[in-house]
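One structure below.
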Amino acid sequence: MTTYQERPANGVPGIPVLFGGLAAVVVGVALIVVAAPVTVTIGVVLLVADVIVLLGLTPVRPGQARVVLLLGKYTGTVRETGLRWVNPFTTRQAISTRIRNHQTEVTKVNDADGNPIEIAAVVVWQVSDTAKAVFDVDSFEQFVAIQAETAVRHIANSYPYDAHSEGEISLRDSADEITRRLAEEIGDRVASAGVSIVEARLSHLAYAPEIAQAMLRRQQANAVVAARQRIVEGAVGMVDLALTRLSEQSIVELDEERKAAMVSNLLVVLCADRDTQPVVNTGTLYH
C-alpha cells in the first residue's frame, strides 16, 4: 500500500503576481488598441499568457490548506494563508484544518462483566497530514466516525461499568484514565488518515433500560454495606477507647462478663439505624 506524506508545495506570494498580471492586461489592451497587425498579435498573445498565469493564483483562508496535484500527481500542500501562486496547470483541493467535533451515536454494548450498557463519546480531532487525509483513505471524515465508534465499543467491552475492588479501573469511576485510553486508541486508529486526536471524552454512560433498576438496587445495597462497614469500624474504635479510658482512670472495675455486656450495649447504640430508647435497670447484671 502506497502512503503519502505531506510536503510544502512550490509557490510564490500571489500579490506581486496579481499586480504583474494586471499590468500585463493593460499593456496587452494598449497593444490591441494600436490596431497594427503586429501589435494586435502581440497583445492577444500577451493577454492569453496573462490569463493562464493568473489562473495559478490561489487564495488560502485561515484554517484551510490546499492539496496541489499536477496531472493526478501529488506535488505538495499550500498551508500559508493569503494569496499564493502555484503552477496554473495544477488542481488545488481545499481541505479544512480546523478543529472539529464528532459525537458518536448512543450505542448499546456489553461491558467487561457482560452487562448491557449505553455509551457515547465526543471526539475532538484535526487534520494534521493533508496528503494522508486525501489519498490514503476514501473519506477521512467518515473514516474518523467509524473508527471512533469502533474504539468506543472496544473500550466499553474492556472495562466493567462499576469497580468491584479498590483500585480497579471502571467506566464510571475512572473517568480520567478511560478518557486517556480512549483518546490513545482512537488516535492509533485514525493516524493512517492523517488525523490527530485533540481530546476524547464519554458523553453518555448508563446501564441499559432493561437492567437499570436492578443495577440501581445493587448500587444502593453496596452503598449500604459500605456505610455499615464504616459505622462498625468507628463503633469498635469508640468501644475500645471507652474500655481503655475506664481502665486507665480506675473509674470502675469490670470483669469479663460486665465488659461483654457493656460492649454489647455500646455497639447496639452506636450501630443502630434509629434512635435507641433508654431503659432504666433497677437491678444488677446478676439479679
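Ligands are numbered from 1 in the order shown, residues from 1 within each chain, and chains are lettered A, B, ... in the order they appear in the C-alpha cells.
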At a cut-off of 12 Å, using only C-alpha atoms, what residues contact Ile95 of chain A? Leave out same-chain residues fewer than 4 positions from it and give the result as a CSV table (one decimal) with C-alpha atoms, in the first residue's frame.
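Wrote it out as around-v6.csv, contents follow:
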chain,number,residue,atom,x,y,z
A,60,VAL,CA,-5.9,30.2,1.2
A,61,ARG,CA,-8.1,31.1,4.1
A,62,PRO,CA,-7.1,30.6,7.8
A,63,GLY,CA,-7.9,27.1,8.9
A,64,GLN,CA,-7.6,25.8,5.4
A,65,ALA,CA,-5.0,24.1,3.2
A,66,ARG,CA,-4.8,23.4,-0.5
A,67,VAL,CA,-3.6,20.0,-1.8
A,68,VAL,CA,-1.9,20.5,-5.1
A,77,THR,CA,0.3,21.3,0.1
A,78,VAL,CA,-0.1,25.0,0.5
A,79,ARG,CA,-0.7,26.0,4.1
A,126,GLN,CA,-8.0,17.8,13.4
A,127,VAL,CA,-6.3,17.0,10.1
A,128,SER,CA,-2.6,17.0,10.6
A,129,ASP,CA,-1.4,15.5,7.3
A,130,THR,CA,-3.4,16.6,4.3
A,131,ALA,CA,-1.8,14.1,1.9
A,132,LYS,CA,-2.8,11.1,4.0
A,133,ALA,CA,-6.3,12.5,4.6
A,134,VAL,CA,-6.9,12.9,0.8
A,139,SER,CA,-13.3,9.8,3.0
A,140,PHE,CA,-11.4,10.8,6.1
A,141,GLU,CA,-14.4,12.3,7.8
A,194,GLY,CA,-3.5,11.9,8.7
Contact residues around Val198 of chain A with only C-alpha atoms at 8 Å, ignoring same-chain residues under 3 positions, as a list in words: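 These residues fall inside the cut-off: Val123, Val124, Trp125, Gln126 and Ala183 of chain A.
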Strand (DSSP E or B) call set, DSSP backbone run, segment 50-224 of chain A, as a ChimeraX atom specification: /A:57-60,64-70,73-78,82-85,91-96,100-103,107-110,116-127,195-207
Arg201 of chain A: which residues within 10 Å, counting only C-alpha atoms, same-chain residues fewer than 4 positions away excluded, as a compact mmCIF listing (two decimals) with N, CA and C atoms, in the first residue's frame?
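Once everything was written out, this is part10.txt:
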# COMPACT_ATOMS: atom_id res chain seq x y z
N GLN A 103 -19.63 13.57 17.44
CA GLN A 103 -20.43 12.94 18.50
C GLN A 103 -20.86 11.56 18.03
N ALA A 120 -21.68 6.64 24.71
CA ALA A 120 -21.40 7.53 23.59
C ALA A 120 -20.23 8.41 23.98
N ALA A 121 -19.59 9.01 22.99
CA ALA A 121 -18.40 9.83 23.25
C ALA A 121 -18.36 11.01 22.30
N VAL A 122 -17.63 12.04 22.73
CA VAL A 122 -17.34 13.21 21.89
C VAL A 122 -15.86 13.17 21.56
N VAL A 123 -15.54 13.23 20.28
CA VAL A 123 -14.15 13.18 19.82
C VAL A 123 -13.81 14.51 19.17
N VAL A 124 -12.74 15.14 19.64
CA VAL A 124 -12.24 16.39 19.07
C VAL A 124 -11.01 16.05 18.23
N VAL A 152 -14.83 3.22 20.83
CA VAL A 152 -15.74 3.35 21.98
C VAL A 152 -16.29 1.98 22.36
N ALA A 175 -12.84 8.12 35.21
CA ALA A 175 -13.11 8.95 34.04
C ALA A 175 -11.82 9.41 33.36
N ASP A 176 -10.85 9.88 34.14
CA ASP A 176 -9.62 10.41 33.55
C ASP A 176 -8.83 9.31 32.84
N ILE A 178 -10.01 6.41 31.65
CA ILE A 178 -10.78 5.95 30.50
C ILE A 178 -10.66 6.96 29.36
N THR A 179 -10.71 8.26 29.69
CA THR A 179 -10.58 9.31 28.67
C THR A 179 -9.22 9.22 27.98
N ARG A 180 -8.17 9.03 28.77
CA ARG A 180 -6.82 8.94 28.19
C ARG A 180 -6.70 7.74 27.26
N ARG A 181 -7.19 6.59 27.72
CA ARG A 181 -7.07 5.38 26.90
C ARG A 181 -7.96 5.45 25.66
N LEU A 182 -9.11 6.08 25.78
CA LEU A 182 -9.98 6.23 24.62
C LEU A 182 -9.33 7.12 23.58
N ALA A 183 -8.74 8.24 24.01
CA ALA A 183 -8.07 9.13 23.06
C ALA A 183 -6.89 8.45 22.38
Selection near Leu31 of chain A, 9 Å with only C-alpha atoms, sequence-local residues under 2 positions removed, as number ranges by chain: A: 26-29, 33-36, 38-44
Alpha helix (DSSP H) residues, from DSSP on the backbone, in segment 91-187 of chain A, as a ChimeraX atom specification: /A:130-135,140-158,175-187
